[in-house]
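**Q** Handing you this structure, nothing more for now.
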Amino acid sequence: MLPPIEVYNTLTRRKEPFVPVDDRRVGIYLCGPTVYDKAHIGHMVGPVIFDTIKRYLVYNGYDVTWVVNITDVDDKLIQRSAARGIPMPELAREMTEDYLANLRALGVDQIDHMPKATEHIPTIIAFIQQLIDRGYAYEVDGDVFFDVTKDEEYGKLTNRSWQSFQGEGGEAADRKRHPADFALWKRAKEGEPSWDSPWGPGRPGWHIECSAMSKALLGETFDIHGGGLDLVFPHHENEIAQSECCHGKPMAKYWLHNGLLKREAAGKVGGRAERESGASESLTYEDIAAATAAKESRSKGAGGLADLIARYGGETIRFFLLRTHYRSTVVFSEQGLEETRAALETFYRFFQRYERLTGQSFYDLTAPQRREEGDFDPAGDELLEEVHRIRKAFLDHMDDDFNTGGATSQLFELVRALNRYIDRHQLESPGADSQHLESLRRGVTVLRELSSLLGLFRSPPARATGGDDALVGKLVELLIEVRADARKRKDFETADRIRDRLGEVGVVLEDRPDGTDWRLEAEH
RNA sequence: GGCGCCGUGGCCAAGUGGCUAAGGCAGAGGAUUGCAAAUCCUUUAUCGCCGGUUCGAAUCCGGCCGGCGCCUCCA
């Protein structure tokens with residue numbers, strides 16, 4: 001029996017049971033970036049949620065192949081590289097590396113293929129030729145256009161018809177038969193990067209690479225096609241037109257679209273330029289940082305996504321994105337990241353607590369990799385009964401269109417249950433009951449299992465310490481020692497003074513029965 | 001104008017017909033602590049407004065108010 005996963009399908013505008021085209025094999029295609037500028041946090045929404053979706057499908061026993069394309073030839077790239085005076089491939093390479101670094105930082109490592117448009121030109125040309133041969137496309141003076149009037153189903157994804165389009169004129173419009181027709185191949189202008197084709201030198205249109213590369217890597221019909229909501233029209237609508245006219249069968253069974261990131265004031269982060277404003281062609285993180293964080297003007301300075309990652313950590317950003325449902329709009333703010341970081345501290349402190357009382361690192365626990373492996377019988381155990389219930393609630397949320405927002409709430413429930421158990425049975429005291437410790441270990445293993453599904457807590461977070469760790473550590477230990485003597489003498493004035501002054505510089509002390517722990521407060 | 005989305009406690013945010021409306025952040029009180037920190041417990045919601053359907057609606061339908069996305073290339 002198939003796991004009861006349901007997904008919201010943009011194509012049918014409703015939630016449907018997830019049943020792959022081909023038994024246990026699943027193909028996912030996500031529209032990736034056009035690499036003409038550095039990535040901003042909005043570009044990470046899709047990769048993070050689809051990374052999580054793949055993890056969840058694998059966990060449920062599916063054999064998943066995930067493709068994310070890189071668009072490395074396009075008008076923006078041509079313009080930007082010209083403006084910077086560097087070759088387009090060099091610009092593309094630079095921005096692709098930036099993109100990949102950001103993916104790594106956010107723990108996105110499930111991608112199987114990252115095809116580049118420029119590496120699939122022959123595939124693309126063959127695809128276009130097929131469309132011409134079948135009468136769905138026509139060539140005019142070196143341009144090739146898709147003829148929407150030949151596609152009876154054109155507009156089905158977004159519930160609109162080509163007859164309703166007005167078209168906006170423009171230079172290429174004169175050569176099109178209908179304003180709604182779109183370019184498959186663009187003839188090269190003087191000095192532009194180009195490839196030879198049956199229609200003369202030129203480059204692929206915006207949509208065709210996805211049709212051609214998804215076919216090459218996933219087949220004519222695959223399971224999930226994803227992207228940002230801003231891509232639904234025209235990009236995905238046109239992909240469907242191209243692929244389904246060419247193959248005579250559905251391109252993808254499920255169309256999943258993630259919501260866009262916005263900042264409070266106005267304007268989305270990502271997607272294309274605003275229509276009316278005519279302002280900058282896209283909002284980069286610099287704009288947002290300037291709007292939301294400039295007033296605090298830390299010495300760090302507000303920069304791009306890399307700066308956000310440096311200041312908050314990739315895990316915080318990932319968790320921030322997963323705390324809402326993927327289809328909803330995420331309002332970006334540094335306050336939101338601050339809150340997320342504060343919330344994550346609960347987990348990090350728990351991991352330290354667990355290690356302190358068992359000597360075992362949370363990160364060394366081996367969790368079940370498959371859903372059925374993780375099933376267990378609580379056998380009446382007080383803690384495990386509760387853990388079992390929480391695990392089920394977590395999985396129910398994930399089954400329901402990958403509701404990571406609901407699922408994360410169960411992670412908090414779980415860590416609280418575990419803390420409560422430690423408190424109630426005094427597991428931090430010397431004579432802790434081994435049976436209780438074993439139950440705890442099993443409970444914590446479930447926390448590891450579930451958090452892994454979200455790509456969280458896979459390795460210890462890089463702590464932003466902002467200084468020389470070793471020296472700071474020695475000095476703090478020294479002060480703790482001095483303070484311990486003071487406390488023995490009941491000289492609480494001195495003891496409190498040390499703690500207060502350390503607190504002022506961001507060092508938090510925690511007195512425990514067996515000694516004093518310290519940690520650096522998260523930056524703020 | 002066309003297609004579509006959203007409005008849940010101070011803030012963020014799950015929940016789309018029926019147990020006491022998740023969870024986080026912030027705040028308050030308590031247990032614990034020499035005092036703190038951490039942890040645990042307690043605590044804040046007539047679900048934008050009006051009307052309708054229903055035994056029953058945050059959840060479905062209609063209207064209104066407010067916010068937003070998309071409506072090709074040329075950008």
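Lettering and numbering for the structure tokens are positional, with chains as A, B, ... in the shown order, residues counted from 1 in each chain, and ligands counted from 1 in the shown order.
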Could you list, as a PyMOL selection string, every residue within 12 Å of Gly191 of chain A, counting only C-alpha atoms (C1' of nucleotides) and ignoring same-chain residues fewer than 5 positions away?
**A** chain A and resi 78-79+82+87-88+201-202
**Q** Compute the chain A side of the contact with chain B at 8 Å, counting only C-alpha atoms (C1' of nucleotides), and hand it back as a PyMOL selection string.
**A** chain A and resi 158-160+164-165+167+169-173+180-183+230+233-234+323-324+336+339-340+342-343+405-406+408-410+412-413+419-420+423+490+492+496+508-511
**Q** In terms of the shortest atom-to-atom distance over only C-alpha atoms, which of A:Met251, A:Leu440, A:Val330, A:Ile240 is closest to Asp381 of chain A?
**A**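 Smallest distance to Asp381 of chain A is found for A:Leu440.
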**Q** Excluding Gln369 of chain A and any residue of its chain fewer than 6 positions from it, enumerate the residues within 12 Å of it, using only C-alpha atoms (C1' of nucleotides), and give them as a list in words.
**A**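 The residues that qualify are Arg55, Tyr56, Leu57, Val58, Tyr59, Asn60, Gly61, Tyr62, Asp375, Thr445, Val446, Arg448, Glu449, Leu450, Ser451, Ser452 and Leu453 of chain A.
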**Q** Would you mind listing what lies within 12 Å of G51 of chain B as a ChimeraX atom specification, with only C-alpha atoms (C1' of nucleotides) counted and same-chain residues fewer than 5 positions away left out?
**A** /B:61-64
**Q** Pick from A:Val73, A:Val472, A:Leu454, A:Ile317: nearest to Pro193 of chain A, with only C-alpha atoms counted?
**A**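 Smallest separation from Pro193 of chain A among the options: A:Val73.
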**Q** Neighbours of U16 of chain B within 9 Å (only C-alpha atoms (C1' of nucleotides); same-chain residues fewer than 6 positions away dropped), as an NGL selection string?
**A** :B and (58-60)
**Q** Just the residues within 7 Å of Asp401 of chain A, please, counting only C-alpha atoms (C1' of nucleotides), with nothing from its chain fewer than 4 positions along; format it as an mmCIF file with N, CA, C and O atoms, in the first residue's frame.
**A**
data_model
loop_
_atom_site.group_PDB
_atom_site.id
_atom_site.type_symbol
_atom_site.label_atom_id
_atom_site.label_comp_id
_atom_site.auth_asym_id
_atom_site.auth_seq_id
_atom_site.Cartn_x
_atom_site.Cartn_y
_atom_site.Cartn_z
ATOM 1 N N ILE A 5 0.403 10.092 0.797
ATOM 2 C CA ILE A 5 0.865 11.464 0.569
ATOM 3 C C ILE A 5 -0.082 12.161 -0.411
ATOM 4 O O ILE A 5 -0.469 11.585 -1.424
ATOM 5 N N GLU A 6 -0.441 13.370 -0.068
ATOM 6 C CA GLU A 6 -1.262 14.165 -0.970
ATOM 7 C C GLU A 6 -0.516 15.435 -1.339
ATOM 8 O O GLU A 6 0.191 16.011 -0.519
ATOM 9 N N VAL A 7 -0.666 15.844 -2.592
ATOM 10 C CA VAL A 7 0.009 17.069 -3.036
ATOM 11 C C VAL A 7 -0.984 17.990 -3.733
ATOM 12 O O VAL A 7 -1.930 17.532 -4.382
ATOM 13 N N TYR A 8 -0.752 19.273 -3.573
ATOM 14 C CA TYR A 8 -1.594 20.249 -4.266
ATOM 15 C C TYR A 8 -1.044 20.423 -5.668
ATOM 16 O O TYR A 8 0.137 20.738 -5.865
#
**Q** Using only C-alpha atoms (C1' of nucleotides), which of B:G17, B:G9, B:G1, B:G66 sits nearest U44 of chain B?
**A** B:G9
**Q** At a cut-off of 10 Å, using only C-alpha atoms (C1' of nucleotides), what residues contact Asp514 of chain A? Leave out same-chain residues fewer than 6 positions from it and give the result as a list of chain:residue names.
**A**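 Near neighbours after the sequence-gap exclusion: A:Glu428, A:Ser429, A:Pro430.
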**Q** Restricting it to N, CA and C atoms, dump the selection as an mmCIF file, in the first residue's frame.
**A**
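Produced file selection19.cif, reproduced below:
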data_model
loop_
_atom_site.group_PDB
_atom_site.id
_atom_site.type_symbol
_atom_site.label_atom_id
_atom_site.label_comp_id
_atom_site.auth_asym_id
_atom_site.auth_seq_id
_atom_site.Cartn_x
_atom_site.Cartn_y
_atom_site.Cartn_z
ATOM 1 N N GLU A 428 19.676 13.806 35.089
ATOM 2 C CA GLU A 428 20.980 14.469 35.149
ATOM 3 C C GLU A 428 21.707 14.159 36.452
ATOM 4 N N SER A 429 20.999 13.501 37.363
ATOM 5 C CA SER A 429 21.642 13.145 38.625
ATOM 6 C C SER A 429 22.471 11.874 38.443
ATOM 7 N N PRO A 430 23.464 11.689 39.294
ATOM 8 C CA PRO A 430 24.388 10.554 39.177
ATOM 9 C C PRO A 430 23.693 9.200 39.051
#
**Q** If DSSP is run on the backbone, what residues of segment 144-240 of chain A are alpha helix (DSSP H)? A reply as a list of chain:residue names would be ideal.
**A** A:Ile208, A:Glu209, A:Cys210, A:Ser211, A:Ala212, A:Met213, A:Ser214, A:Lys215, A:Ala216, A:Leu217, A:Leu218, A:Glu237, A:Asn238, A:Glu239, A:Ile240
**Q** Taking only C-alpha atoms into account, name the residue in A:Lys54, A:Arg311, A:His325, A:Arg177 that is nearest to Ile224 of chain A.
**A**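 Of A:Lys54, A:Arg311, A:His325, A:Arg177, the one nearest Ile224 of chain A is A:Lys54, counting only C-alpha atoms.
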